[in-house]
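Accompanying notes for the structure given below.
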Amino acid sequence: MPTNLFAYPNLVSEPGPLPLRSQLDHDFTDALAHIARIRTRRRLERDPVFRTIRPQLERVLRGFEWDLEPTLGHSLAPRRPGIVRAVAWNVERGKRFEGLHALLTSDPELSTADLLLLTEVDIGMGRSGNRNVPKELAHALGMGYVFANYHLVLAEGDRGERGHGVPNTKAMHGCALLTRFPVLRFEAVELQERRDKFHATEKRIGNKRALLCELLLPDGPLTVALVHLDPFAGPRDRARHIREIVARLREFGGERMLLGGDLNTNTYDLSSGRGLAYNFFYKLTRFGIEGMAAQYMKPEEHFERAVFAALRDGGFEIDGFNDFTRGTIYYDIYDPEIFRKALDYMPKAMRRVMWTYLERRLAPWGGRVPLRVDWFAGKGVRPREPQVIERPVAEGKLVSDHNPILVDLELGAADEPDLAEESEG
């Protein structure tokens with residue numbers, strides 16, 4: 001299993017070989033535009049431009065960017081006495097950056113986060129203004145960050161993001177951990193995807209990766225696993241990826257662990273239109289429309305139970321870490337962007353029939369049904385007061401299609417070391 005490990009031994013007093021910051025960059029933007037015009041993977045493998053840049057491309061696909069300096073030189077104190085607040089949020093590329101920035105700096109719950117586990121973050125994508133989303137957010141919040149790249153994107157975006165006319169610069173897309181605490185080491189676990197995204201609606205190359213970071217908290221180390229599972233796969237594939245992550249976590253080590261992110265427990269197999277149609281009508285026949293909607297809020301009970309079994313087998317618990325009463329995303333048939341995304345999953349012959357049927361049957365929910373796809377799980381830590389922040393808005397607009405989730409972790413009775421004093425010694 002391909003992994004990438006960067007160790008930062010004895011971070012407080014001896015910085016070691018890893019610099020405090022490193023920027024992930026490349027100079028093959030024009031070559032990416034050429035590759036985007038290639039229609040098949042077979043032609044891509046034979047293309048001379050692709051072959052020339054492939055070593056650089058692989059470096060970027062498996063690369064990291066980080067800035068750890070903001071976590072040094074001050075007391076290891078959380079924002080709230082006795083607890084560390086963790087927030088996990090799929091921020092939908094960061095394309096509504098101003099609203100995201102406003103919420104993370106001013107919302108009474110989100111602005112007190114010590115750890116931000118962010119999925120779907122862009123660097124150099126036109127749809128998000130070609131910003132370096134993790135870097136700009138981290139700097140605005142005074143936090144350190146580690147970004148793990150997933151993909152080089154060869155399109156403007158998905159179906160609902162086309163037509164903005166802003167060319168991509170770096171075209172990178174991945175996940176980022178923002179932290180107020182020092183990062184001792186990190187690596188990524190590559191998750192081989194079932195569906196080749198080179199042939200997807202949002203054309204891209206690469207694979208999702210789980211980011212593993214060991215942090216130094218006031219009461220000792222904590223390992224954080226930031227996970228974004230594949231929505232285009234099925235529950236079996238998602239469970240396989242969780243097993244791979246858990247296995248790597250055992251090797252990575254650590255007595256206390258927090259796993260969080262977008263597990264995409266949508267209860268469907270979206271790897272094919274035929275599979276989706278079968279899933280839908282099986283649910284409808286077995287549970288009825290009301291029972292089917294209820295299953296979206298408790299995927300651990302039936303359709304995604306293999307995912308949660310893999311977590312349990314790894315010693316992780318979800319009880320106490322999650323608010324089970326609220327959804328973390330909505331299937332809203334009246335949201336034009338969500339509807340356009342749904343078209344990508346449905347067989348063409350079914351689209352109009354399905355739309356009419358869903359509009360009628362989902363009327364009792366106002367056409368908007370909640371799902372639980374974002375989760376925390378932990379081992380060796382004590383959770384408190386998990387929450388789902390319901391549809392946060394800035395200037396009257398939703399910032400992301402996902403709701404952020406948060407959980408507070410109780411700190412032990414260990415003394416809080418002071419980094420400035422230790423570094424001088």
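How things are named: the first chain in the structure tokens is A, the next is B, and so on; residues count from 1 in each chain; ligands count from 1 in the order shown.
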Segment 87-130 of chain A residues near segment 255-270 of chain A within 7 Å, closest pair each, using only C-alpha atoms, as a Markdown table:
```
| residue | atom | partner | partner_atom | distance |
| --- | --- | --- | --- | --- |
| A:Ala88 | CA | A:Gly261 | CA | 5.5 |
| A:Trp89 | CA | A:Gly261 | CA | 6.7 |
| A:Asn90 | CA | A:Asp262 | CA | 6.5 |
| A:Leu117 | CA | A:Gly261 | CA | 6.6 |
| A:Thr119 | CA | A:Gly261 | CA | 6.8 |
```
So which residues touch segment 314-329 of chain A within 8 Å, counting only C-alpha atoms, skipping near sequence neighbours fewer than 4 positions away, as an NGL selection string? :A and (243 or 246-247 or 297-298 or 310 or 370-379 or 383-388 or 390 or 401-407)
Close residues, segment 131-142 of chain A itself excluded, 8 Å, only C-alpha atoms, min 5 positions apart in chain, as a PyMOL selection string: chain A and resi 67+70+94+97+101+104-105+121-125+147+176+178+180
Quick one: write out the picked residues with N, CA and C atoms as a PDB file, in the first residue's frame?
```
ATOM      1  N   ASP A  67       2.461  24.331   6.687  1.00  0.00           N
ATOM      2  CA  ASP A  67       3.069  25.447   7.409  1.00  0.00           C
ATOM      3  C   ASP A  67       2.790  25.193   8.886  1.00  0.00           C
ATOM      4  N   PRO A  70       2.975  28.521  12.843  1.00  0.00           N
ATOM      5  CA  PRO A  70       2.018  29.112  13.788  1.00  0.00           C
ATOM      6  C   PRO A  70       1.758  28.269  15.039  1.00  0.00           C
ATOM      7  N   GLY A  94     -14.206  25.032  -1.006  1.00  0.00           N
ATOM      8  CA  GLY A  94     -13.863  26.367  -0.533  1.00  0.00           C
ATOM      9  C   GLY A  94     -14.237  27.427  -1.549  1.00  0.00           C
ATOM     10  N   PHE A  97     -15.517  31.161  -0.467  1.00  0.00           N
ATOM     11  CA  PHE A  97     -14.440  31.372   0.497  1.00  0.00           C
ATOM     12  C   PHE A  97     -14.761  32.473   1.500  1.00  0.00           C
ATOM     13  N   HIS A 101     -14.686  31.854   5.418  1.00  0.00           N
ATOM     14  CA  HIS A 101     -13.792  32.630   6.281  1.00  0.00           C
ATOM     15  C   HIS A 101     -14.579  33.332   7.389  1.00  0.00           C
ATOM     16  N   LEU A 104     -15.779  30.727  10.081  1.00  0.00           N
ATOM     17  CA  LEU A 104     -14.707  30.153  10.888  1.00  0.00           C
ATOM     18  C   LEU A 104     -14.049  31.174  11.806  1.00  0.00           C
ATOM     19  N   THR A 105     -14.221  32.450  11.502  1.00  0.00           N
ATOM     20  CA  THR A 105     -13.629  33.483  12.359  1.00  0.00           C
ATOM     21  C   THR A 105     -14.623  34.112  13.317  1.00  0.00           C
ATOM     22  N   VAL A 121     -10.945  20.573  -0.459  1.00  0.00           N
ATOM     23  CA  VAL A 121     -10.287  21.875  -0.470  1.00  0.00           C
ATOM     24  C   VAL A 121      -9.432  21.998  -1.727  1.00  0.00           C
ATOM     25  N   ASP A 122      -9.488  23.152  -2.354  1.00  0.00           N
ATOM     26  CA  ASP A 122      -8.797  23.429  -3.612  1.00  0.00           C
ATOM     27  C   ASP A 122      -7.523  24.224  -3.404  1.00  0.00           C
ATOM     28  N   ILE A 123      -6.572  23.975  -4.279  1.00  0.00           N
ATOM     29  CA  ILE A 123      -5.436  24.873  -4.479  1.00  0.00           C
ATOM     30  C   ILE A 123      -5.334  25.137  -5.972  1.00  0.00           C
ATOM     31  N   GLY A 124      -5.546  26.379  -6.365  1.00  0.00           N
ATOM     32  CA  GLY A 124      -5.397  26.748  -7.763  1.00  0.00           C
ATOM     33  C   GLY A 124      -6.478  26.216  -8.668  1.00  0.00           C
ATOM     34  N   MET A 125      -7.729  26.235  -8.212  1.00  0.00           N
ATOM     35  CA  MET A 125      -8.868  25.861  -9.051  1.00  0.00           C
ATOM     36  C   MET A 125      -9.695  27.095  -9.366  1.00  0.00           C
ATOM     37  N   PHE A 147      -1.700  19.901   4.206  1.00  0.00           N
ATOM     38  CA  PHE A 147      -2.579  19.594   3.074  1.00  0.00           C
ATOM     39  C   PHE A 147      -2.055  18.360   2.369  1.00  0.00           C
ATOM     40  N   ALA A 176      -7.263  18.908   4.183  1.00  0.00           N
ATOM     41  CA  ALA A 176      -6.310  19.653   5.014  1.00  0.00           C
ATOM     42  C   ALA A 176      -6.714  19.584   6.472  1.00  0.00           C
ATOM     43  N   LEU A 178      -6.167  21.674   9.812  1.00  0.00           N
ATOM     44  CA  LEU A 178      -5.722  22.928  10.421  1.00  0.00           C
ATOM     45  C   LEU A 178      -5.667  22.717  11.918  1.00  0.00           C
ATOM     46  N   ARG A 180      -4.090  24.110  15.981  1.00  0.00           N
ATOM     47  CA  ARG A 180      -3.419  25.039  16.896  1.00  0.00           C
ATOM     48  C   ARG A 180      -2.279  24.351  17.635  1.00  0.00           C
TER      49      ARG A 180
END
```
Every residue of segment 34-246 of chain A that DSSP places in strand (DSSP E or B), as a VMD selection string: chain A and resid 64 to 67 75 80 83 to 93 115 to 123 132 144 to 153 172 to 179 183 to 190 204 to 206 209 to 217 220 to 228
All residues 6 Å or closer to segment 19-21 of chain A, only C-alpha atoms, same chain fewer than 3 positions away omitted, as a PyMOL selection string: chain A and resi 66-69
I need the residues in segment 30-113 of chain A that are alpha helix (DSSP H) according to DSSP; give them as a VMD selection string. chain A and resid 30 to 36 41 to 46 48 to 61 97 to 106
Using only C-alpha atoms, which of A:Phe181, A:Phe287, A:Tyr150, A:Phe50 sits nearest Glu193 of chain A?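 Residue with the minimum atom-to-atom distance to Glu193 of chain A: A:Tyr150.
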Given only C-alpha atoms as the counted atoms, nearest of A:Leu217, A:Leu100, A:Ile242, A:Leu115 to Phe308 of chain A: A:Ile242
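Atom CA of Leu61 of chain A is found 13.5 Å from atom CA of Glu187 of chain A.
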